[in-house]
Structures are given as structure tokens and as C-alpha cells.
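entry-v5.cif follows (mmCIF, C-alpha atoms and all ligand atoms):
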data_run
loop_
_atom_site.label_atom_id
_atom_site.label_comp_id
_atom_site.auth_asym_id
_atom_site.auth_seq_id
_atom_site.Cartn_x
_atom_site.Cartn_y
_atom_site.Cartn_z
CA MET A 1 -13.43 -28.05 14.90
CA LYS A 2 -14.53 -31.26 13.16
CA GLU A 3 -17.39 -29.42 11.44
CA LEU A 4 -15.05 -26.67 10.30
CA LEU A 5 -12.63 -29.18 8.82
CA GLU A 6 -15.51 -30.90 7.02
CA LEU A 7 -16.61 -27.57 5.61
CA TYR A 8 -13.07 -26.77 4.48
CA ASN A 9 -12.87 -30.26 2.92
CA THR A 10 -15.96 -29.56 0.83
CA MET A 11 -14.35 -26.28 -0.29
CA GLY A 12 -11.32 -28.23 -1.50
CA ILE A 13 -8.86 -27.94 1.38
CA SER A 14 -7.39 -31.28 2.39
CA SER A 15 -7.00 -32.36 6.00
CA GLY A 16 -3.20 -32.36 5.52
CA VAL A 17 -3.07 -28.73 4.42
CA TYR A 18 -5.42 -27.70 7.21
CA ALA A 19 -3.37 -29.51 9.85
CA TYR A 20 -0.16 -27.94 8.56
CA GLY A 21 -1.83 -24.54 8.82
CA GLU A 22 -3.00 -25.14 12.39
CA LYS A 23 0.48 -26.23 13.44
CA THR A 24 1.89 -23.03 11.94
CA LEU A 25 -0.68 -20.89 13.77
CA GLU A 26 0.30 -22.35 17.14
CA SER A 27 3.57 -20.41 17.00
CA LEU A 28 2.01 -17.08 16.03
CA LYS A 29 -0.13 -16.22 19.07
CA GLU A 30 2.23 -13.64 20.55
CA ARG A 31 2.79 -11.86 17.26
CA PHE A 32 -0.93 -11.67 16.59
CA ALA A 33 -1.44 -10.15 20.04
CA GLU A 34 1.12 -7.43 19.23
CA ILE A 35 -0.73 -6.63 16.02
CA ASP A 36 -4.00 -6.32 17.95
CA LYS A 37 -2.31 -3.78 20.25
CA ILE A 38 -1.27 -1.64 17.28
CA ALA A 39 -4.79 -1.87 15.85
CA GLU A 40 -6.24 -0.74 19.18
CA HIS A 41 -3.94 2.28 19.21
CA ASN A 42 -4.79 3.23 15.63
CA GLN A 43 -8.50 2.67 16.19
CA ALA A 44 -8.40 5.11 19.08
CA LYS A 45 -6.48 7.61 16.95
CA VAL A 46 -9.15 7.49 14.22
CA ILE A 47 -12.07 7.72 16.66
CA ALA A 48 -10.43 10.64 18.49
CA ALA A 49 -10.01 12.50 15.18
CA MET A 50 -13.64 11.85 14.27
CA GLN A 51 -14.82 13.07 17.66
CA LYS A 52 -12.61 16.16 17.58
CA ASN A 53 -14.05 17.12 14.19
CA ARG A 54 -17.62 16.43 15.33
CA VAL A 55 -18.46 13.90 12.62
CA SER A 56 -22.25 13.68 12.33
CA ALA A 57 -24.95 12.52 9.94
CA ALA A 58 -24.65 15.87 8.12
CA CYS A 59 -21.21 14.71 6.91
CA PHE A 60 -22.74 11.81 5.01
CA ALA A 61 -24.95 13.88 2.68
CA ALA A 62 -24.33 13.53 -1.05
CA THR A 63 -23.32 16.56 -3.08
CA THR A 64 -23.28 16.99 -6.84
CA GLY A 65 -22.12 19.59 -9.34
CA TYR A 66 -19.32 21.87 -8.16
CA GLY A 67 -19.53 20.67 -4.60
CA TYR A 68 -19.04 24.12 -3.03
CA ASP A 69 -19.25 24.11 0.77
CA ASP A 70 -19.25 20.34 0.97
CA VAL A 71 -19.23 19.84 4.74
CA GLY A 72 -18.68 16.09 4.64
CA ARG A 73 -15.75 16.31 2.24
CA ASP A 74 -14.06 19.19 4.06
CA ASN A 75 -14.51 17.49 7.42
CA LEU A 76 -13.15 14.17 6.18
CA GLU A 77 -10.02 16.01 5.10
CA LYS A 78 -9.70 17.44 8.62
CA VAL A 79 -10.07 13.93 10.08
CA TYR A 80 -7.30 12.62 7.81
CA ALA A 81 -5.07 15.59 8.65
CA ASP A 82 -5.55 14.91 12.38
CA VAL A 83 -4.81 11.20 12.10
CA PHE A 84 -1.66 11.85 10.05
CA HIS A 85 -0.76 14.89 12.21
CA THR A 86 -0.45 17.17 9.20
CA GLU A 87 -1.57 20.74 8.55
CA ALA A 88 -3.76 19.76 5.63
CA ALA A 89 -5.17 16.87 3.63
CA LEU A 90 -6.65 16.29 0.21
CA VAL A 91 -8.91 13.22 0.23
CA ARG A 92 -10.99 12.86 -2.88
CA PRO A 93 -12.91 10.37 -4.98
CA GLN A 94 -11.65 12.44 -7.94
CA ILE A 95 -8.19 11.02 -7.22
CA THR A 96 -8.63 7.81 -9.18
CA CYS A 97 -5.88 5.61 -7.70
CA GLY A 98 -2.55 5.64 -5.87
CA THR A 99 -0.56 6.40 -9.00
CA HIS A 100 -2.83 9.38 -9.64
CA ALA A 101 -2.37 10.69 -6.10
CA LEU A 102 1.40 10.40 -6.42
CA THR A 103 1.30 12.05 -9.85
CA VAL A 104 -0.67 14.97 -8.45
CA ALA A 105 1.73 15.32 -5.51
CA LEU A 106 4.80 15.25 -7.75
CA SER A 107 3.59 17.40 -10.62
CA ALA A 108 2.10 20.00 -8.26
CA ASN A 109 5.37 20.47 -6.42
CA LEU A 110 7.97 20.13 -9.18
CA LEU A 111 8.52 22.82 -11.80
CA PRO A 112 10.60 22.81 -15.00
CA GLY A 113 14.30 22.76 -14.09
CA ASP A 114 13.70 21.02 -10.75
CA GLU A 115 15.12 17.63 -9.98
CA LEU A 116 13.42 14.67 -8.32
CA LEU A 117 15.52 12.24 -6.29
CA SER A 118 14.66 8.70 -5.28
CA PRO A 119 17.16 7.63 -2.61
CA VAL A 120 15.54 4.20 -2.29
CA GLY A 121 16.14 2.76 -5.76
CA LEU A 122 13.74 2.29 -8.63
CA PRO A 123 10.19 3.45 -7.82
CA TYR A 124 7.05 1.35 -8.22
CA ASP A 125 6.35 0.24 -11.82
CA THR A 126 3.56 2.70 -12.66
CA LEU A 127 5.60 5.66 -11.41
CA GLN A 128 8.35 4.98 -13.91
CA GLU A 129 6.23 6.40 -16.73
CA VAL A 130 5.05 9.24 -14.52
CA ILE A 131 8.65 10.26 -13.91
CA GLY A 132 9.85 9.45 -17.42
CA ILE A 133 12.24 6.64 -16.49
CA ARG A 134 10.25 4.86 -19.17
CA GLU A 135 9.25 7.36 -21.87
CA SER A 136 5.65 8.46 -21.79
CA PRO A 137 3.70 11.47 -23.05
CA CYS A 138 3.10 13.94 -20.19
CA SER A 139 5.85 12.48 -18.01
CA LEU A 140 7.65 14.81 -15.59
CA LYS A 141 10.67 14.44 -17.85
CA GLU A 142 8.71 15.85 -20.77
CA TYR A 143 7.89 18.88 -18.61
CA GLY A 144 11.58 19.45 -17.90
CA VAL A 145 11.85 17.81 -14.48
CA SER A 146 15.01 15.73 -14.24
CA TYR A 147 15.36 12.59 -12.16
CA ARG A 148 18.13 11.02 -10.17
CA GLN A 149 18.18 7.74 -8.30
CA VAL A 150 20.40 6.21 -5.66
CA ASP A 151 20.04 2.48 -5.26
CA LEU A 152 19.92 0.77 -1.90
CA LEU A 153 23.03 -1.01 -0.65
CA GLU A 154 23.30 -4.79 -0.97
CA ASP A 155 21.81 -5.25 2.50
CA GLY A 156 18.76 -3.10 1.70
CA THR A 157 19.91 -0.05 3.69
CA PHE A 158 20.33 3.54 2.48
CA ASP A 159 23.50 4.50 0.59
CA TYR A 160 24.06 7.73 2.53
CA ASP A 161 27.36 8.62 0.77
CA ASN A 162 25.81 8.56 -2.66
CA ILE A 163 22.58 10.20 -1.50
CA LYS A 164 24.69 13.12 -0.25
CA LYS A 165 26.49 13.29 -3.62
CA ALA A 166 23.20 13.15 -5.54
CA ILE A 167 21.67 16.17 -3.78
CA ASN A 168 22.42 19.33 -5.75
CA ASP A 169 21.10 22.85 -6.39
CA LYS A 170 18.27 21.52 -8.51
CA THR A 171 17.06 18.86 -6.07
CA LYS A 172 13.56 19.94 -5.08
CA LEU A 173 11.75 16.83 -3.98
CA VAL A 174 12.78 13.50 -2.55
CA THR A 175 10.42 10.56 -3.04
CA ILE A 176 10.59 7.71 -0.55
CA GLN A 177 8.61 4.56 -1.19
CA ARG A 178 7.76 2.92 2.13
CA SER A 179 6.63 -0.42 0.76
CA LYS A 180 8.66 -2.70 -1.45
CA GLY A 181 6.06 -2.78 -4.24
CA TYR A 182 7.12 -5.32 -6.87
CA ALA A 183 10.70 -5.53 -5.64
CA THR A 184 12.29 -7.97 -3.25
CA ARG A 185 13.92 -5.29 -1.13
CA PRO A 186 12.76 -4.79 2.45
CA SER A 187 10.02 -2.28 3.23
CA PHE A 188 11.11 0.55 5.49
CA SER A 189 10.00 1.21 9.03
CA VAL A 190 8.69 4.68 9.82
CA LYS A 191 11.75 5.15 12.02
CA GLN A 192 14.11 4.37 9.11
CA ILE A 193 12.18 6.80 6.91
CA GLY A 194 12.55 9.44 9.61
CA GLU A 195 16.32 8.94 9.68
CA LEU A 196 16.51 9.29 5.90
CA ILE A 197 14.40 12.46 5.95
CA ALA A 198 16.55 13.97 8.72
CA PHE A 199 19.70 13.17 6.71
CA VAL A 200 18.31 14.77 3.54
CA LYS A 201 17.04 17.88 5.35
CA ALA A 202 20.38 18.34 7.13
CA ILE A 203 22.01 18.65 3.71
CA LYS A 204 19.30 20.83 2.14
CA PRO A 205 16.55 21.94 4.54
CA ASP A 206 14.07 23.14 1.90
CA ILE A 207 13.83 19.81 0.08
CA ILE A 208 10.26 18.50 0.05
CA CYS A 209 10.17 14.92 1.34
CA MET A 210 7.28 12.90 -0.04
CA VAL A 211 6.50 9.38 1.11
CA ASP A 212 4.64 6.90 -1.08
CA ASN A 213 2.70 5.44 1.84
CA CYS A 214 0.82 2.78 -0.16
CA TYR A 215 0.22 -0.37 1.91
CA GLY A 216 1.88 1.15 4.98
CA GLU A 217 -0.98 2.99 6.67
CA PHE A 218 -1.84 1.75 10.18
CA VAL A 219 0.79 -0.99 10.20
CA GLU A 220 2.64 0.96 12.89
CA THR A 221 1.34 3.44 15.45
CA ILE A 222 3.15 6.32 13.72
CA GLU A 223 3.14 7.43 10.09
CA PRO A 224 5.91 9.02 7.99
CA SER A 225 4.28 12.42 8.58
CA ASP A 226 5.14 11.96 12.27
CA VAL A 227 8.84 11.84 11.39
CA GLY A 228 9.22 14.82 9.09
CA ALA A 229 7.60 13.91 5.76
CA ASP A 230 6.12 16.96 4.02
CA MET A 231 3.63 14.81 2.13
CA VAL A 232 2.32 11.28 2.61
CA VAL A 233 0.38 9.84 -0.28
CA GLY A 234 -1.74 6.75 -0.82
CA SER A 235 -4.75 5.00 -2.29
CA LEU A 236 -8.18 4.54 -0.72
CA ILE A 237 -8.59 1.13 -2.31
CA LYS A 238 -5.68 0.05 -0.16
CA ASN A 239 -5.31 0.39 3.63
CA PRO A 240 -7.05 3.66 4.57
CA GLY A 241 -10.22 2.90 2.62
CA GLY A 242 -10.79 -0.10 4.89
CA GLY A 243 -12.26 -2.05 1.98
CA LEU A 244 -15.34 0.17 1.87
CA ALA A 245 -14.09 3.13 -0.17
CA PRO A 246 -14.95 2.34 -3.80
CA ILE A 247 -12.37 4.81 -5.20
CA GLY A 248 -10.09 7.61 -4.07
CA GLY A 249 -6.70 8.76 -2.99
CA TYR A 250 -5.23 11.00 -0.30
CA ILE A 251 -2.38 13.44 0.13
CA CYS A 252 -1.69 14.64 3.69
CA GLY A 253 0.98 17.22 4.34
CA THR A 254 1.94 20.82 4.81
CA ASP A 255 -0.51 23.56 3.86
CA THR A 256 1.75 24.73 1.05
CA CYS A 257 2.24 21.31 -0.53
CA VAL A 258 -1.39 20.20 -0.18
CA GLN A 259 -2.76 23.48 -1.57
CA ARG A 260 -0.56 23.11 -4.65
CA CYS A 261 -1.85 19.52 -5.00
CA ALA A 262 -5.43 20.79 -4.88
CA TYR A 263 -4.64 23.41 -7.55
CA ARG A 264 -3.09 20.70 -9.72
CA LEU A 265 -5.97 18.26 -9.18
CA SER A 266 -8.76 20.74 -9.99
CA ALA A 267 -7.48 24.08 -11.31
CA PRO A 268 -5.33 26.99 -10.16
CA GLY A 269 -7.57 29.25 -8.10
CA LEU A 270 -10.20 26.56 -7.49
CA GLY A 271 -8.21 24.09 -5.42
CA GLN A 272 -10.06 22.32 -2.62
CA GLU A 273 -13.23 24.40 -3.05
CA VAL A 274 -14.59 22.21 -5.86
CA GLY A 275 -15.20 18.48 -6.12
CA ALA A 276 -18.58 16.99 -5.29
CA ASN A 277 -18.59 13.92 -3.06
CA LEU A 278 -21.13 12.01 -5.22
CA GLY A 279 -22.61 10.26 -2.21
CA LEU A 280 -19.40 8.48 -1.26
CA MET A 281 -18.91 10.04 2.17
CA PRO A 282 -20.45 7.18 4.23
CA ALA A 283 -18.06 4.71 2.59
CA LEU A 284 -15.02 6.96 2.98
CA TYR A 285 -15.71 7.73 6.66
CA GLN A 286 -16.70 4.20 7.59
CA GLY A 287 -13.83 2.72 5.62
CA PHE A 288 -11.33 4.93 7.45
CA PHE A 289 -12.96 3.87 10.72
CA MET A 290 -12.59 0.18 9.79
CA ALA A 291 -9.07 0.53 8.39
CA PRO A 292 -7.00 -0.15 11.55
CA THR A 293 -8.64 -3.54 12.18
CA VAL A 294 -8.76 -4.46 8.50
CA VAL A 295 -5.03 -3.73 8.23
CA ALA A 296 -4.40 -5.87 11.30
CA GLY A 297 -6.22 -8.82 9.71
CA ALA A 298 -4.27 -8.40 6.50
CA GLU A 299 -1.00 -8.29 8.40
CA LYS A 300 -1.86 -11.50 10.23
CA GLY A 301 -2.49 -13.08 6.84
CA ALA A 302 0.92 -11.92 5.58
CA ILE A 303 2.68 -13.35 8.63
CA PHE A 304 0.75 -16.60 8.35
CA ALA A 305 1.78 -16.92 4.68
CA ALA A 306 5.47 -16.38 5.45
CA ASN A 307 5.37 -18.91 8.25
CA LEU A 308 3.56 -21.42 6.07
CA TYR A 309 5.74 -21.12 2.97
CA GLU A 310 9.22 -20.48 4.35
CA PRO A 311 9.62 -23.91 6.00
CA LEU A 312 8.65 -25.43 2.63
CA GLY A 313 11.73 -23.90 1.02
CA PHE A 314 10.28 -20.76 -0.56
CA LYS A 315 12.07 -17.51 0.17
CA CYS A 316 9.73 -15.03 1.81
CA VAL A 317 10.20 -11.25 2.02
CA PRO A 318 9.76 -10.30 4.83
CA ASN A 319 10.85 -13.62 6.28
CA ALA A 320 8.83 -15.60 8.81
CA THR A 321 10.17 -13.81 11.88
CA GLU A 322 11.16 -10.24 10.98
CA SER A 323 9.14 -7.16 11.87
CA ARG A 324 6.59 -5.76 9.44
CA HIS A 325 6.28 -2.32 7.87
CA ASP A 326 3.54 -2.94 5.31
CA ILE A 327 0.91 -5.57 4.55
CA ILE A 328 2.72 -7.08 1.55
CA GLN A 329 4.16 -10.55 1.61
CA ALA A 330 6.41 -11.63 -1.24
CA VAL A 331 6.77 -15.37 -1.73
CA GLU A 332 9.36 -16.42 -4.28
CA LEU A 333 7.83 -19.41 -6.02
CA GLY A 334 10.65 -19.91 -8.51
CA SER A 335 8.51 -20.59 -11.58
CA GLU A 336 5.60 -19.30 -13.62
CA GLU A 337 3.69 -22.52 -12.74
CA GLY A 338 4.16 -21.77 -9.05
CA MET A 339 2.82 -18.23 -9.47
CA ILE A 340 -0.21 -19.52 -11.38
CA ALA A 341 -1.00 -22.22 -8.80
CA PHE A 342 -0.68 -19.79 -5.89
CA CYS A 343 -2.90 -17.22 -7.57
CA LYS A 344 -5.48 -19.88 -8.48
CA GLY A 345 -5.79 -20.68 -4.80
CA ILE A 346 -6.33 -17.05 -3.78
CA GLN A 347 -8.97 -16.72 -6.51
CA ALA A 348 -10.71 -19.95 -5.53
CA ALA A 349 -11.08 -18.76 -1.92
CA ALA A 350 -12.70 -15.44 -2.85
CA PRO A 351 -16.29 -14.48 -2.10
CA VAL A 352 -16.58 -12.87 -5.56
CA ASP A 353 -15.45 -14.35 -8.92
CA SER A 354 -14.22 -17.56 -7.26
CA PHE A 355 -15.03 -19.41 -10.51
CA ALA A 356 -12.50 -17.37 -12.55
CA THR A 357 -9.01 -18.60 -13.41
CA PRO A 358 -6.24 -15.98 -13.20
CA LEU A 359 -3.84 -15.89 -16.17
CA PRO A 360 -0.76 -13.75 -16.98
CA TRP A 361 -1.62 -10.67 -19.11
CA ASP A 362 -0.15 -7.40 -20.42
CA MET A 363 -1.38 -4.78 -18.01
CA PRO A 364 -1.16 -1.03 -18.74
CA GLY A 365 1.65 0.67 -16.84
CA TYR A 366 3.62 -2.51 -16.25
CA ASN A 367 6.67 -3.69 -18.20
CA ASP A 368 6.29 -7.47 -17.87
CA LYS A 369 3.23 -9.67 -18.04
CA VAL A 370 1.40 -9.62 -14.72
CA ILE A 371 -0.77 -12.25 -13.04
CA MET A 372 -3.44 -11.08 -10.63
CA ALA A 373 -5.80 -12.99 -8.42
CA ALA A 374 -8.56 -11.05 -6.80
CA GLY A 375 -12.16 -11.70 -6.05
CA ALA A 376 -13.03 -8.36 -4.63
CA PHE A 377 -16.15 -6.36 -3.85
CA VAL A 378 -14.29 -3.27 -5.09
CA GLN A 379 -12.61 -4.04 -8.40
CA GLY A 380 -8.83 -3.98 -8.17
CA SER A 381 -8.92 -3.35 -4.43
CA SER A 382 -5.76 -4.70 -2.91
CA ILE A 383 -6.80 -4.27 0.72
CA GLU A 384 -9.09 -7.15 -0.18
CA LEU A 385 -7.35 -10.50 -0.42
CA SER A 386 -5.30 -10.47 -3.58
CA ALA A 387 -2.09 -11.80 -5.05
CA ASP A 388 -0.22 -10.54 -8.01
CA GLY A 389 3.19 -10.23 -9.51
CA PRO A 390 5.10 -9.65 -12.71
CA ILE A 391 6.12 -12.81 -14.55
CA ARG A 392 9.88 -12.40 -14.19
CA PRO A 393 12.56 -13.96 -12.00
CA PRO A 394 12.52 -14.68 -9.11
CA TYR A 395 8.84 -15.38 -9.86
CA ALA A 396 7.64 -13.76 -6.69
CA VAL A 397 3.99 -13.48 -5.87
CA TYR A 398 3.05 -10.39 -3.87
CA PHE A 399 0.30 -11.32 -1.56
CA GLN A 400 -1.72 -8.78 0.38
CA GLY A 401 -4.98 -7.87 2.00
CA GLY A 402 -7.92 -9.69 3.41
CA LEU A 403 -10.81 -7.72 4.85
CA THR A 404 -10.93 -10.28 7.63
CA TRP A 405 -8.24 -12.50 9.08
CA CYS A 406 -10.46 -15.58 8.57
CA HIS A 407 -10.68 -14.93 4.85
CA ALA A 408 -6.94 -14.29 4.59
CA LYS A 409 -6.34 -17.63 6.33
CA LEU A 410 -8.66 -19.49 3.98
CA GLY A 411 -7.03 -17.91 0.92
CA ILE A 412 -3.54 -18.82 2.01
CA LEU A 413 -4.55 -22.39 2.83
CA MET A 414 -6.17 -22.62 -0.60
CA SER A 415 -3.03 -21.31 -2.32
CA LEU A 416 -1.01 -24.02 -0.61
CA GLN A 417 -3.60 -26.59 -1.61
CA LYS A 418 -3.23 -25.60 -5.29
CA MET A 419 0.56 -25.84 -4.99
CA VAL A 420 0.18 -29.33 -3.52
CA ASP A 421 -2.35 -30.30 -6.22
CA ALA A 422 0.05 -29.11 -8.94
CA GLY A 423 2.82 -31.28 -7.49
CA LEU A 424 4.94 -28.23 -6.64
CA VAL A 425 4.92 -28.88 -2.88
CA THR A 426 4.83 -31.99 -0.71
CA LEU A 427 3.90 -31.58 2.92
C1 LIG A 501 -0.17 0.25 -5.33
C2 LIG A 501 1.02 1.13 -5.26
C3 LIG A 501 1.12 2.28 -6.02
C4 LIG A 501 0.11 2.67 -7.06
O1 LIG A 501 -1.18 2.60 -6.67
P1 LIG A 501 -2.36 2.27 -7.69
O2 LIG A 501 -3.55 2.53 -6.88
O3 LIG A 501 -2.22 0.85 -8.11
O4 LIG A 501 -2.23 3.20 -8.85
C5 LIG A 501 2.23 3.07 -5.84
N1 LIG A 501 3.21 2.72 -5.00
C6 LIG A 501 3.16 1.60 -4.27
C7 LIG A 501 4.29 1.26 -3.35
C8 LIG A 501 2.07 0.77 -4.36
O5 LIG A 501 2.01 -0.34 -3.64
#
When written as C-alpha cells, how does the structure in this file appear?
Amino acid sequence: MKELLELYNTMGISSGVYAYGEKTLESLKERFAEIDKIAEHNQAKVIAAMQKNRVSAACFAATTGYGYDDVGRDNLEKVYADVFHTEAALVRPQITCGTHALTVALSANLLPGDELLSPVGLPYDTLQEVIGIRESPCSLKEYGVSYRQVDLLEDGTFDYDNIKKAINDKTKLVTIQRSKGYATRPSFSVKQIGELIAFVKAIKPDIICMVDNCYGEFVETIEPSDVGADMVVGSLIKNPGGGLAPIGGYICGTDTCVQRCAYRLSAPGLGQEVGANLGLMPALYQGFFMAPTVVAGAEKGAIFAANLYEPLGFKCVPNATESRHDIIQAVELGSEEGMIAFCKGIQAAAPVDSFATPLPWDMPGYNDKVIMAAGAFVQGSSIELSADGPIRPPYAVYFQGGLTWCHAKLGILMSLQKMVDAGLVTL
């Protein structure tokens, strides 16, 4: 222990910050054990799916060109479909990010004259231009898809009365964002999402329910597709890529929905038949295999952060004790200086680019200036330890990831150290 503290000291962490961290950890043993149980369950689920689909070295071969008869790619999609308990899956490096996956899912399943409903308030920043809430060329709005939104109630629960009123003849697809994104609302449990889906389908059974599953995968033992979602959508540089996938997105769901997504992504008539894997299969398979334990480490980091910062007077969402439904931890730092200091700490603890200083900048797709700290092996990967947030009240930093719990711990300790150094916190 003495050697470790000395090592941390040389990296810039004071004995006071370290001791405060250790004291905090004392109280978290039981919660960490629960997380390990969930990881064990999800690990078994992934291995069982890989065994059932007879994953072998042949699946790791690179393909180029059209990618016809790509065994590795087709089999990976079967593995995803089995883990998410869906009829079909589209898992592709040609899906460039989470926003792209969601755009494909929406634009493939909404036609001119249809209406999209978000019963969970304003969607994630980048989706606002996709939908046309903020004007953009090629938005769904431009293609004649209208949009309706029902905000959450004060207490963060669903406004069932107004959701019922908002559903009409045109309502074709309901989008449910599991994770809070850049908002300070709670993230939803899979059970809550299931209740919302059941409510919507009782009113209009043929509505397609899509869940933006970003940051939620493997946090619980069930996924939204286990409780009635027609499509679950996410990014491979978040949870399911396990930190190893260098790019990609997935859409798991019904045959009908996923086939339309494939037609939208490539071309009508071509669908899932084309799309070479470019040699990425080892990373996509191995990343999915690693994902349950990586997610567990990230979640421990999120819980550690909440338990470290909340007693110091910073509002944390989720708070120190409540249950978790994604890997994101919002810490309201109350000022731009606080956000900068926190992010500096995350950056300084990174294995890559630790010498860089994060600064607020105008990022495409976002309305306010955004600060981002990340020293990642995969650029922009937010399953790797990262912190970011838009520079706007309540000046919340959204902290997530950590490929290993030990790195998450170091990053959080370093963030606190920078807050202390900046005179924003006294221990
Ligand atoms: C990250 C995220 C997205 C968008 O994913 P990108 O890969 O950044 O495009 C969408 N929704 C939520 C809730 C997210 O967290």
C-alpha cells in the first residue's frame, strides 16, 4: 500500500485525496459485489451466444470489396441477435457512430406523413438535427416526418396522460432514450422502459418502439428488447464494443425493422448482403466478449465518483446510493472553472494524450460549447474513461467509462486532485 501511495504521489495525487478515496471505497464493497454478479450473468450470456453460433477462427477473416457471403459478419449479427433476444441484428463498421445507427433506424422505418413521438422529453443533442427539432438539411422533418414530444413529469417519471393524448393516427414510431445523455433527468431502468412500451402498445399495437440503448448495454441482466422494444440501437465505441471495436454501430430488432435498416444503410435490394468487414471482426467479437466486465468496471467508477463528490456538496445524478441504469455519472460542478478542473484531471490520468489540456470548443452537432476530456486508444470512445459536458448551467460534467476499474479510480482521484489544486474543493 505504501508503495502504491508513493507511486500515486509521483503522478500528482496527494495523500489527502488518496485517503479520502480509500475511505469512500470502504462503504462500496457490497455494491461492487452486486455489479460483479451482473457482469457474470452477462458474460455467460455472451459466451453462450458465441458457442451456439459456433464462433471459430473462420469468423475472424478479413473481407474486402462487396463482402458477399461474409461468414464472420453474418455470424456476429447472429451473436448480437441472440444476446439481445431479437429476430435479427445489423452490426456493421459501416455504421459510423451511435447517431448514425439511430438515424438509420429512424429513417428506415418512418415514411413521409408519419409521426415520431418522444415520450421521454428532448432527445440527445445530435438527434435534434436528425429529427429536425433544430433545422438541418436532410432532417426527418425535411422528408415530411413530423415530430411530437411529451416531457417527463417534475419527478422524472412518464407523463402517461399526455403520452396518451399525443398518440394519433400518424404516430408510427416511439423513440425512448434509456440514458440521460446531456440532461440531468434520471436514466430509465429496463423495467420502466417495458412499462412505457406496454402502455404505448395498448393504445396503438402497431407502433414501432425503438430504444436508444447508448450507454445502457450490460448494465442490467436484461435489455429493452427483452421487454417489448422492436429495435434497440447503440454505438460500438460505447458499451458493446468493449473498448476494442474501433468503429461501428448496431441495431437489433424484429426482422421487418432490421431488414428496412439494412436497405437504408446500403441500398434497397442489397440490404445485409453487402458490406465488407475490412478485417475488423477480431476486434468486434473480442470487444463484445469483453463488454460485460468492461461495463462493470465503468459502473464501479461512476458509483465511486458519486460517492466521492456528493459528500463534498456537488449534486450527483444518479446520487450516491440510487440504483444504476447506465454508466453515466453527472456531477454538477456549478461553474465553468469546475468543469475545466474536473476534465483536466481525467485527461491527466489517461494512458494516451495525458499531456493535453482540454478546453471548451464548438463541436459539430451540439448547440453549446462542449468540453471533453479523453485520452483514449480509440478516438472519441466513451467506454474508455472520459468526461464531457456542454458549457451551460448547471455546469454538469458527464463522466463515463474506464476500460478497467483501476483506471477509472485513478481518473476520478485525479479529477478531485485538480479541483483541490484549483481551490474549488477543500477536503
Ligand atoms: C452517445 C449517444 C448518442 C450518439 O452517439 P454518437 O456515437 O456520439 O453519435 C445518442 N444517444 C445517447 C443517449 C448517447 O449517449
Shell around Asp74 in chain A at 9 Å using only C-alpha atoms, local window under 6 positions removed, as a VMD selection string:
chain A and resid 59 90 to 91 272 to 273
Next, write the just-selected residues to a file, as a PDB file, in the frame of the given file, keeping C-alpha atoms as the atom set.
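The result, stored in part_21.pdb:
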ATOM      1  CA  CYS A  59     -21.210  14.710   6.910  1.00  0.00           C
ATOM      2  CA  LEU A  90      -6.650  16.290   0.210  1.00  0.00           C
ATOM      3  CA  VAL A  91      -8.910  13.220   0.230  1.00  0.00           C
ATOM      4  CA  GLN A 272     -10.060  22.320  -2.620  1.00  0.00           C
ATOM      5  CA  GLU A 273     -13.230  24.400  -3.050  1.00  0.00           C
TER       6      GLU A 273
END
Around ligand LIG 501 (chain A), which protein and nucleic acid residues have at least one atom no more than 9 Å from it, if we count only C-alpha atoms and all ligand atoms? List them as a VMD selection string.
chain A and resid 96 to 102 123 to 127 177 to 182 212 to 216 233 to 238 248 to 249 328 380 to 382
Can you tell me which residues surround Val420 in chain A at a distance of at most 9 Å, considering all atoms listed in the file, apart from same-chain residues fewer than 5 positions away, and format the answer as a PyMOL selection string?
chain A and resi 17+341+415+425-427
Under the rule that all atoms listed in the file are counted, which of A:Val83, A:Val352, A:Leu152, A:Leu173 is the nearest residue to Ser225 in chain A?
A:Val83
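A straight line drawn from CA of Thr86 in chain A to CA of Gly253 in chain A is 5.1 Å long.
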Between A:Gly243, A:Pro360, A:Gly338, A:Gly401, which has the minimum distance to Gly423 in chain A (counting all atoms listed in the file)?
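Ranking A:Gly243, A:Pro360, A:Gly338, A:Gly401 by distance to Gly423 in chain A, first place goes to A:Gly338.
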For a cut-off of 10 Å around (-1.1, -12.8, -6.9), file coordinates, pick out all residues using all atoms listed in the file and list them as a VMD selection string.
chain A and resid 330 to 331 339 to 347 358 370 to 374 385 to 390 396 to 400 415
Of the listed residues A:Gly156, A:Gly297, A:Pro186, A:Gly402, that which approaches Glu384 in chain A most closely, counting only C-alpha atoms:
A:Gly402
Using only C-alpha atoms: which of A:Leu403, A:Leu117, A:Leu106, A:Ala19 has the shortest distance to Pro292 in chain A:
A:Leu403
Would you mind completing range 188-201 of chain A so that it carries N, CA and C atoms, and writing it out as an mmCIF file, in the coordinates of the input?
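Written out: selection00.cif:
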data_model
loop_
_atom_site.group_PDB
_atom_site.id
_atom_site.type_symbol
_atom_site.label_atom_id
_atom_site.label_comp_id
_atom_site.auth_asym_id
_atom_site.auth_seq_id
_atom_site.Cartn_x
_atom_site.Cartn_y
_atom_site.Cartn_z
ATOM 1 N N PHE A 188 10.446 -0.231 4.451
ATOM 2 C CA PHE A 188 11.110 0.550 5.490
ATOM 3 C C PHE A 188 10.182 0.809 6.668
ATOM 4 N N SER A 189 10.770 0.800 7.861
ATOM 5 C CA SER A 189 10.000 1.210 9.030
ATOM 6 C C SER A 189 9.858 2.722 8.999
ATOM 7 N N VAL A 190 8.871 3.227 9.741
ATOM 8 C CA VAL A 190 8.690 4.680 9.820
ATOM 9 C C VAL A 190 9.940 5.317 10.429
ATOM 10 N N LYS A 191 10.538 4.631 11.382
ATOM 11 C CA LYS A 191 11.750 5.150 12.020
ATOM 12 C C LYS A 191 12.877 5.305 10.990
ATOM 13 N N GLN A 192 13.076 4.283 10.151
ATOM 14 C CA GLN A 192 14.110 4.370 9.110
ATOM 15 C C GLN A 192 13.831 5.543 8.164
ATOM 16 N N ILE A 193 12.552 5.699 7.802
ATOM 17 C CA ILE A 193 12.180 6.800 6.910
ATOM 18 C C ILE A 193 12.504 8.128 7.566
ATOM 19 N N GLY A 194 12.250 8.220 8.860
ATOM 20 C CA GLY A 194 12.550 9.440 9.610
ATOM 21 C C GLY A 194 14.040 9.757 9.594
ATOM 22 N N GLU A 195 14.866 8.737 9.707
ATOM 23 C CA GLU A 195 16.320 8.940 9.680
ATOM 24 C C GLU A 195 16.756 9.451 8.306
ATOM 25 N N LEU A 196 16.171 8.877 7.271
ATOM 26 C CA LEU A 196 16.510 9.290 5.900
ATOM 27 C C LEU A 196 16.083 10.750 5.666
ATOM 28 N N ILE A 197 14.882 11.088 6.122
ATOM 29 C CA ILE A 197 14.400 12.460 5.950
ATOM 30 C C ILE A 197 15.309 13.436 6.697
ATOM 31 N N ALA A 198 15.673 13.086 7.923
ATOM 32 C CA ALA A 198 16.550 13.970 8.720
ATOM 33 C C ALA A 198 17.895 14.159 8.010
ATOM 34 N N PHE A 199 18.422 13.102 7.426
ATOM 35 C CA PHE A 199 19.700 13.170 6.710
ATOM 36 C C PHE A 199 19.591 14.126 5.509
ATOM 37 N N VAL A 200 18.521 13.947 4.732
ATOM 38 C CA VAL A 200 18.310 14.770 3.540
ATOM 39 C C VAL A 200 18.139 16.243 3.918
ATOM 40 N N LYS A 201 17.333 16.490 4.954
ATOM 41 C CA LYS A 201 17.040 17.880 5.350
ATOM 42 C C LYS A 201 18.263 18.553 5.980
#
